[in-house]
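Text of data-v6.cif (mmCIF, C-alpha atoms, pLDDT in the B column; chains and numbers go by the auth columns) as supplied:
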data_my_file
loop_
_atom_site.group_PDB
_atom_site.id
_atom_site.type_symbol
_atom_site.label_atom_id
_atom_site.label_comp_id
_atom_site.label_asym_id
_atom_site.label_seq_id
_atom_site.Cartn_x
_atom_site.Cartn_y
_atom_site.Cartn_z
_atom_site.B_iso_or_equiv
_atom_site.auth_seq_id
_atom_site.auth_asym_id
ATOM 1 C CA ALA A 1 0.000 0.000 0.000 75.00 2 A
ATOM 2 C CA LEU A 2 1.025 3.610 -0.444 79.00 3 A
ATOM 3 C CA LEU A 3 0.661 5.889 2.541 77.00 4 A
ATOM 4 C CA PRO A 4 1.196 9.633 2.943 79.00 5 A
ATOM 5 C CA ASN A 5 4.855 10.606 2.868 79.00 6 A
ATOM 6 C CA ALA A 6 6.698 10.680 6.144 87.00 7 A
ATOM 7 C CA GLY A 7 6.423 14.279 7.280 83.00 8 A
ATOM 8 C CA LEU A 8 3.102 14.615 5.405 83.00 9 A
ATOM 9 C CA HIS A 9 4.575 16.918 2.748 85.00 10 A
ATOM 10 C CA PHE A 10 4.414 16.901 -1.024 87.00 11 A
ATOM 11 C CA VAL A 11 7.866 16.014 -2.367 84.00 12 A
ATOM 12 C CA CYS A 12 9.030 17.271 -5.764 89.00 13 A
ATOM 13 C CA ARG A 13 12.717 16.761 -6.502 91.00 14 A
ATOM 14 C CA ASP A 14 15.206 14.863 -8.612 94.00 15 A
ATOM 15 C CA GLN A 15 15.861 11.505 -7.005 96.00 16 A
ATOM 16 C CA ARG A 16 18.613 8.928 -7.353 97.00 17 A
ATOM 17 C CA LEU A 17 17.431 5.339 -7.832 97.00 18 A
ATOM 18 C CA ARG A 18 19.221 2.020 -8.137 98.00 19 A
ATOM 19 C CA ILE A 19 17.858 -0.688 -10.410 98.00 20 A
ATOM 20 C CA GLU A 20 17.597 -3.868 -8.326 98.00 21 A
ATOM 21 C CA ASN A 21 16.054 -6.109 -10.993 97.00 22 A
ATOM 22 C CA ALA A 22 16.959 -5.594 -14.655 97.00 23 A
ATOM 23 C CA GLY A 23 15.036 -8.684 -15.690 96.00 24 A
ATOM 24 C CA THR A 24 11.544 -7.227 -16.023 97.00 25 A
ATOM 25 C CA ALA A 25 9.817 -6.115 -19.206 96.00 26 A
ATOM 26 C CA TRP A 26 10.213 -2.544 -17.953 97.00 27 A
ATOM 27 C CA THR A 27 13.867 -2.645 -16.850 97.00 28 A
ATOM 28 C CA ALA A 28 15.647 -4.868 -19.392 97.00 29 A
ATOM 29 C CA ASP A 29 17.581 -1.925 -20.899 98.00 30 A
ATOM 30 C CA TYR A 30 19.237 -1.201 -17.552 98.00 31 A
ATOM 31 C CA GLY A 31 21.981 -3.043 -15.750 97.00 32 A
ATOM 32 C CA GLU A 32 21.395 -4.447 -12.307 97.00 33 A
ATOM 33 C CA GLY A 33 22.824 -1.956 -9.824 98.00 34 A
ATOM 34 C CA GLN A 34 22.681 0.898 -12.351 98.00 35 A
ATOM 35 C CA GLU A 35 21.881 4.252 -10.783 98.00 36 A
ATOM 36 C CA LEU A 36 19.485 6.755 -12.362 97.00 37 A
ATOM 37 C CA VAL A 37 18.231 10.252 -11.669 97.00 38 A
ATOM 38 C CA VAL A 38 14.511 10.790 -12.201 96.00 39 A
ATOM 39 C CA PRO A 39 11.966 13.180 -10.681 95.00 40 A
ATOM 40 C CA ILE A 40 9.729 12.205 -7.816 93.00 41 A
ATOM 41 C CA LYS A 41 6.486 14.111 -7.305 91.00 42 A
ATOM 42 C CA ASN A 42 4.069 12.844 -4.694 86.00 43 A
ATOM 43 C CA ARG A 43 2.399 13.304 -1.362 82.00 44 A
ATOM 44 C CA ASP A 44 1.303 9.688 -0.988 85.00 45 A
ATOM 45 C CA GLY A 45 4.330 7.650 -1.971 83.00 46 A
ATOM 46 C CA ARG A 46 5.460 5.829 1.164 87.00 47 A
ATOM 47 C CA TYR A 47 5.438 2.122 0.297 91.00 48 A
ATOM 48 C CA THR A 48 4.520 -0.156 3.164 92.00 49 A
ATOM 49 C CA ALA A 49 3.901 -3.869 3.587 93.00 50 A
ATOM 50 C CA ASP A 50 4.085 -6.438 6.356 95.00 51 A
ATOM 51 C CA ALA A 51 7.389 -8.177 7.095 96.00 52 A
ATOM 52 C CA GLU A 52 6.325 -11.357 5.298 97.00 53 A
ATOM 53 C CA THR A 53 5.534 -9.466 2.092 96.00 54 A
ATOM 54 C CA LEU A 54 8.806 -7.518 2.233 96.00 55 A
ATOM 55 C CA THR A 55 10.745 -10.770 2.633 97.00 56 A
ATOM 56 C CA GLU A 56 8.861 -12.398 -0.244 97.00 57 A
ATOM 57 C CA LEU A 57 9.447 -9.393 -2.531 96.00 58 A
ATOM 58 C CA ALA A 58 13.170 -9.390 -1.763 96.00 59 A
ATOM 59 C CA GLU A 59 13.637 -13.152 -2.073 96.00 60 A
ATOM 60 C CA SER A 60 11.722 -13.366 -5.359 97.00 61 A
ATOM 61 C CA GLY A 61 13.571 -10.423 -6.931 96.00 62 A
ATOM 62 C CA ARG A 62 10.403 -8.353 -7.261 97.00 63 A
ATOM 63 C CA ILE A 63 11.941 -5.168 -5.858 98.00 64 A
ATOM 64 C CA VAL A 64 12.695 -3.329 -9.082 98.00 65 A
ATOM 65 C CA ALA A 65 14.201 -0.083 -7.768 98.00 66 A
ATOM 66 C CA ARG A 66 15.311 1.467 -4.488 98.00 67 A
ATOM 67 C CA TYR A 67 15.991 5.032 -3.453 96.00 68 A
ATOM 68 C CA VAL A 68 19.685 5.911 -3.114 97.00 69 A
ATOM 69 C CA ASP A 69 21.232 8.284 -0.546 95.00 70 A
ATOM 70 C CA LEU A 70 17.892 9.707 0.634 92.00 71 A
ATOM 71 C CA ASN A 71 14.522 8.059 1.036 93.00 72 A
ATOM 72 C CA PRO A 72 12.198 10.946 0.105 91.00 73 A
ATOM 73 C CA ASN A 73 8.974 9.530 1.490 92.00 74 A
ATOM 74 C CA GLY A 74 9.799 6.925 4.150 90.00 75 A
ATOM 75 C CA SER A 75 9.165 3.834 2.000 93.00 76 A
ATOM 76 C CA LEU A 76 10.093 0.628 3.789 95.00 77 A
ATOM 77 C CA ASP A 77 13.424 -0.862 2.665 96.00 78 A
ATOM 78 C CA ASP A 78 13.890 2.225 0.437 96.00 79 A
ATOM 79 C CA ILE A 79 11.545 0.616 -2.117 97.00 80 A
ATOM 80 C CA ALA A 80 10.813 2.832 -5.120 96.00 81 A
ATOM 81 C CA GLY A 81 9.267 0.158 -7.349 96.00 82 A
ATOM 82 C CA ILE A 82 8.060 -3.436 -7.382 97.00 83 A
ATOM 83 C CA SER A 83 6.879 -5.885 -10.030 96.00 84 A
ATOM 84 C CA ASN A 84 4.376 -8.672 -10.309 96.00 85 A
ATOM 85 C CA GLU A 85 5.665 -12.254 -10.470 94.00 86 A
ATOM 86 C CA ALA A 86 5.768 -12.278 -14.290 93.00 87 A
ATOM 87 C CA GLY A 87 7.752 -9.012 -14.415 92.00 88 A
ATOM 88 C CA ASN A 88 5.409 -7.474 -16.982 94.00 89 A
ATOM 89 C CA VAL A 89 3.742 -5.085 -14.511 94.00 90 A
ATOM 90 C CA VAL A 90 5.843 -2.619 -12.530 95.00 91 A
ATOM 91 C CA GLY A 91 4.599 -0.148 -9.961 92.00 92 A
ATOM 92 C CA LEU A 92 7.042 2.740 -9.656 92.00 93 A
ATOM 93 C CA MET A 93 6.670 5.826 -7.487 91.00 94 A
ATOM 94 C CA PRO A 94 9.180 8.106 -9.272 93.00 95 A
ATOM 95 C CA HIS A 95 8.293 9.559 -12.668 93.00 96 A
ATOM 96 C CA PRO A 96 10.632 8.249 -15.378 95.00 97 A
ATOM 97 C CA GLU A 97 8.405 9.840 -18.043 94.00 98 A
ATOM 98 C CA HIS A 98 9.782 13.190 -16.882 94.00 99 A
ATOM 99 C CA ALA A 99 13.366 12.069 -17.505 95.00 100 A
ATOM 100 C CA VAL A 100 13.343 11.076 -21.174 95.00 101 A
ATOM 101 C CA GLU A 101 14.460 14.285 -22.870 94.00 102 A
ATOM 102 C CA SER A 102 17.537 16.290 -21.904 90.00 103 A
ATOM 103 C CA LEU A 103 15.748 19.560 -22.714 90.00 104 A
ATOM 104 C CA THR A 104 13.041 19.042 -20.086 85.00 105 A
ATOM 105 C CA GLY A 105 14.327 16.479 -17.588 86.00 106 A
ATOM 106 C CA PRO A 106 17.161 16.286 -15.126 91.00 107 A
ATOM 107 C CA SER A 107 18.512 13.484 -17.335 93.00 108 A
ATOM 108 C CA THR A 108 17.391 10.977 -19.945 96.00 109 A
ATOM 109 C CA ASP A 109 17.737 8.170 -17.402 97.00 110 A
ATOM 110 C CA GLY A 110 14.017 7.344 -17.461 96.00 111 A
ATOM 111 C CA LEU A 111 14.028 6.472 -21.150 96.00 112 A
ATOM 112 C CA GLY A 112 15.157 2.905 -20.481 97.00 113 A
ATOM 113 C CA PHE A 113 11.821 2.027 -18.885 96.00 114 A
ATOM 114 C CA PHE A 114 10.064 2.827 -22.147 96.00 115 A
ATOM 115 C CA THR A 115 12.598 1.336 -24.551 97.00 116 A
ATOM 116 C CA SER A 116 12.512 -1.836 -22.432 97.00 117 A
ATOM 117 C CA ILE A 117 8.745 -2.259 -22.648 96.00 118 A
ATOM 118 C CA VAL A 118 8.645 -1.467 -26.370 96.00 119 A
ATOM 119 C CA LYS A 119 11.292 -4.127 -27.047 97.00 120 A
ATOM 120 C CA SER A 120 9.354 -6.584 -24.893 94.00 121 A
ATOM 121 C CA LEU A 121 6.116 -5.905 -26.772 93.00 122 A
ATOM 122 C CA VAL A 122 7.804 -6.197 -30.174 95.00 123 A
ATOM 123 C CA ALA A 123 9.404 -9.494 -29.155 92.00 124 A
ATOM 124 C CA ALA A 124 6.026 -10.860 -28.038 83.00 125 A
#
I need this file expressed as structure tokens, please.
Amino acid sequence: ALLPNAGLHFVCRDQRLRIENAGTAWTADYGEGQELVVPIKNRDGRYTADAETLTELAESGRIVARYVDLNPNGSLDDIAGISNEAGNVVGLMPHPEHAVESLTGPSTDGLGFFTSIVKSLVAA
């Protein structure tokens, strides 16, 4: 579930992420451990789950991305994104769509999410 951010404030900033699972349909164009900079913009972005769910997500490789250096919203285990078991659905709190063009984003680091899914769809 997503809860209000720790501190109950809207957070809008560029955020460093680390790709934890590069084997999903959405992350295949990244390397595992690769760090990105993408914007985060939310008030309700604090990921929470019970201990059993967190363990299962970690052990099954379903944690797709984690926050690096600073956890902007208090998400448990610094989780920024998770996937379903098949890896074709990814829930991600940061906004990679705002980091696809160097003219408007802090980087083009978010582009890999979209090139990954297009390649996956074409291959299917």
Q.
Translate the PyMOL selection byres ((chain A and resi 46) around 12) into a concrete residue list for this structure, as number ranges by chain.
A. A: 2-13, 41-45, 47-49, 72-77, 79-82, 92-96
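A straight line drawn from CA of Val101 in chain A to CA of Val69 in chain A is 19.8 Å long.
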Expanded to explicit residues, what is the PyMOL selection byres ((chain A and resi 33) around 12) for this file, as a PDB file with C-alpha atoms, in the coordinates of the input?
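This is the output file out.pdb:
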ATOM      1  CA  LEU A  18      17.431   5.339  -7.832  1.00 97.00           C
ATOM      2  CA  ARG A  19      19.221   2.020  -8.137  1.00 98.00           C
ATOM      3  CA  ILE A  20      17.858  -0.688 -10.410  1.00 98.00           C
ATOM      4  CA  GLU A  21      17.597  -3.868  -8.326  1.00 98.00           C
ATOM      5  CA  ASN A  22      16.054  -6.109 -10.993  1.00 97.00           C
ATOM      6  CA  ALA A  23      16.959  -5.594 -14.655  1.00 97.00           C
ATOM      7  CA  GLY A  24      15.036  -8.684 -15.690  1.00 96.00           C
ATOM      8  CA  THR A  25      11.544  -7.227 -16.023  1.00 97.00           C
ATOM      9  CA  THR A  28      13.867  -2.645 -16.850  1.00 97.00           C
ATOM     10  CA  ALA A  29      15.647  -4.868 -19.392  1.00 97.00           C
ATOM     11  CA  ASP A  30      17.581  -1.925 -20.899  1.00 98.00           C
ATOM     12  CA  TYR A  31      19.237  -1.201 -17.552  1.00 98.00           C
ATOM     13  CA  GLY A  32      21.981  -3.043 -15.750  1.00 97.00           C
ATOM     14  CA  GLY A  34      22.824  -1.956  -9.824  1.00 98.00           C
ATOM     15  CA  GLN A  35      22.681   0.898 -12.351  1.00 98.00           C
ATOM     16  CA  GLU A  36      21.881   4.252 -10.783  1.00 98.00           C
ATOM     17  CA  LEU A  37      19.485   6.755 -12.362  1.00 97.00           C
ATOM     18  CA  GLY A  62      13.571 -10.423  -6.931  1.00 96.00           C
ATOM     19  CA  ILE A  64      11.941  -5.168  -5.858  1.00 98.00           C
ATOM     20  CA  VAL A  65      12.695  -3.329  -9.082  1.00 98.00           C
ATOM     21  CA  ALA A  66      14.201  -0.083  -7.768  1.00 98.00           C
ATOM     22  CA  ARG A  67      15.311   1.467  -4.488  1.00 98.00           C
TER      23      ARG A  67
END
Q) Pick the closest to Asn85 in chain A from A:Val38, A:Ala52, A:Leu58, A:Leu112: which is it, counting all atoms listed in the file? A)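 Comparing A:Val38, A:Ala52, A:Leu58, A:Leu112 against Asn85 in chain A, the winner is A:Leu58.
If you look at CA of Ala26 in chain A and CA of Arg63 in chain A, they are 12.2 Å away from each other.
Proximity of A:Asn89, A:Thr105, A:Thr56, A:Ser61 to Trp27 in chain A, computed with only C-alpha atoms, is greatest for A:Asn89.
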Q: Using all atoms listed in the file, pick whichever of A:Gln16, A:Thr54, A:Ala87, A:Asp78 has the shortest atom-to-atom distance to Asp110 in chain A.
A: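 Under the stated criterion, the closest residue is A:Gln16.
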**Q.** Computed interatomic separation between CA of Ser117 in chain A and CA of Ser84 in chain A (Å)
**A.** 14.2 Å
Q: Point out the residue among A:Ile118, A:Gly113, A:Ala59, A:Ser103 with the least atom-to-atom distance to Gly88 in chain A, counting only C-alpha atoms.
A: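 Checking each of A:Ile118, A:Gly113, A:Ala59, A:Ser103 against Gly88 in chain A, counting only C-alpha atoms, the winner is A:Ile118.
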Can you put all heavy atoms back into range 40-51 of chain A and show it as a CSV table (one decimal), in the coordinates of the input?
chain,number,residue,atom,x,y,z
A,40,PRO,N,12.8,12.4,-11.6
A,40,PRO,CA,12.0,13.2,-10.7
A,40,PRO,C,11.0,12.3,-9.8
A,40,PRO,O,10.6,11.3,-10.3
A,40,PRO,CB,11.1,14.1,-11.6
A,40,PRO,CG,11.9,14.1,-12.9
A,40,PRO,CD,12.5,12.8,-13.0
A,41,ILE,N,10.8,12.8,-8.7
A,41,ILE,CA,9.7,12.2,-7.8
A,41,ILE,C,8.8,13.3,-7.5
A,41,ILE,O,9.2,14.5,-7.2
A,41,ILE,CB,10.3,11.5,-6.6
A,41,ILE,CG1,9.2,10.8,-5.8
A,41,ILE,CG2,11.1,12.5,-5.7
A,41,ILE,CD1,9.7,9.8,-4.8
A,42,LYS,N,7.5,13.1,-7.6
A,42,LYS,CA,6.5,14.1,-7.3
A,42,LYS,C,5.3,13.4,-6.7
A,42,LYS,O,4.5,12.9,-7.3
A,42,LYS,CB,6.0,14.7,-8.6
A,42,LYS,CG,7.1,15.2,-9.5
A,42,LYS,CD,6.6,15.6,-10.9
A,42,LYS,CE,7.7,15.9,-11.8
A,42,LYS,NZ,7.3,16.4,-13.1
A,43,ASN,N,5.2,13.5,-5.3
A,43,ASN,CA,4.1,12.8,-4.7
A,43,ASN,C,3.9,13.3,-3.3
A,43,ASN,O,4.8,13.9,-2.7
A,43,ASN,CB,4.2,11.3,-4.7
A,43,ASN,CG,5.4,10.8,-3.9
A,43,ASN,OD1,5.5,11.0,-2.7
A,43,ASN,ND2,6.4,10.2,-4.6
A,44,ARG,N,2.7,13.1,-2.8
A,44,ARG,CA,2.4,13.3,-1.4
A,44,ARG,C,2.1,12.0,-0.7
A,44,ARG,O,2.3,11.8,0.5
A,44,ARG,CB,1.2,14.2,-1.2
A,44,ARG,CG,1.0,14.6,0.3
A,44,ARG,CD,-0.3,15.4,0.5
A,44,ARG,NE,-1.5,14.7,0.7
A,44,ARG,CZ,-1.8,13.9,1.8
A,44,ARG,NH1,-0.8,13.7,2.7
A,44,ARG,NH2,-2.9,13.3,1.9
A,45,ASP,N,1.7,11.0,-1.5
A,45,ASP,CA,1.3,9.7,-1.0
A,45,ASP,C,2.2,8.6,-1.7
A,45,ASP,O,1.7,7.9,-2.6
A,45,ASP,CB,-0.2,9.4,-1.2
A,45,ASP,CG,-1.1,10.4,-0.5
A,45,ASP,OD1,-1.0,10.5,0.7
A,45,ASP,OD2,-1.9,11.0,-1.2
A,46,GLY,N,3.4,8.6,-1.3
A,46,GLY,CA,4.3,7.6,-2.0
A,46,GLY,C,5.1,6.7,-1.1
A,46,GLY,O,6.0,6.1,-1.5
A,47,ARG,N,4.7,6.7,0.2
A,47,ARG,CA,5.5,5.8,1.2
A,47,ARG,C,5.0,4.4,1.1
A,47,ARG,O,3.9,4.0,1.5
A,47,ARG,CB,5.3,6.4,2.6
A,47,ARG,CG,6.0,5.6,3.6
A,47,ARG,CD,6.0,6.3,5.0
A,47,ARG,NE,4.7,6.8,5.4
A,47,ARG,CZ,4.0,6.4,6.4
A,47,ARG,NH1,4.5,5.5,7.2
A,47,ARG,NH2,2.8,7.0,6.7
A,48,TYR,N,5.8,3.5,0.5
A,48,TYR,CA,5.4,2.1,0.3
A,48,TYR,C,5.5,1.4,1.6
A,48,TYR,O,6.5,1.6,2.4
A,48,TYR,CB,6.4,1.4,-0.7
A,48,TYR,CG,6.0,0.0,-0.9
A,48,TYR,CD1,4.9,-0.3,-1.7
A,48,TYR,CD2,6.7,-1.0,-0.3
A,48,TYR,CE1,4.5,-1.7,-1.8
A,48,TYR,CE2,6.3,-2.4,-0.4
A,48,TYR,CZ,5.2,-2.7,-1.2
A,48,TYR,OH,4.8,-4.0,-1.3
A,49,THR,N,4.5,0.6,1.9
A,49,THR,CA,4.5,-0.2,3.2
A,49,THR,C,3.9,-1.5,2.9
A,49,THR,O,3.1,-1.7,2.0
A,49,THR,CB,3.7,0.5,4.3
A,49,THR,OG1,4.0,-0.1,5.5
A,49,THR,CG2,2.2,0.6,4.0
A,50,ALA,N,4.4,-2.5,3.7
A,50,ALA,CA,3.9,-3.9,3.6
A,50,ALA,C,4.3,-4.6,4.9
A,50,ALA,O,5.2,-4.1,5.6
A,50,ALA,CB,4.5,-4.6,2.4
A,51,ASP,N,3.7,-5.7,5.2
A,51,ASP,CA,4.1,-6.4,6.4
A,51,ASP,C,5.4,-7.1,6.1
A,51,ASP,O,5.9,-7.2,5.0
A,51,ASP,CB,3.0,-7.4,6.8
A,51,ASP,CG,2.7,-8.5,5.7
A,51,ASP,OD1,3.6,-8.9,4.9
A,51,ASP,OD2,1.5,-8.9,5.7
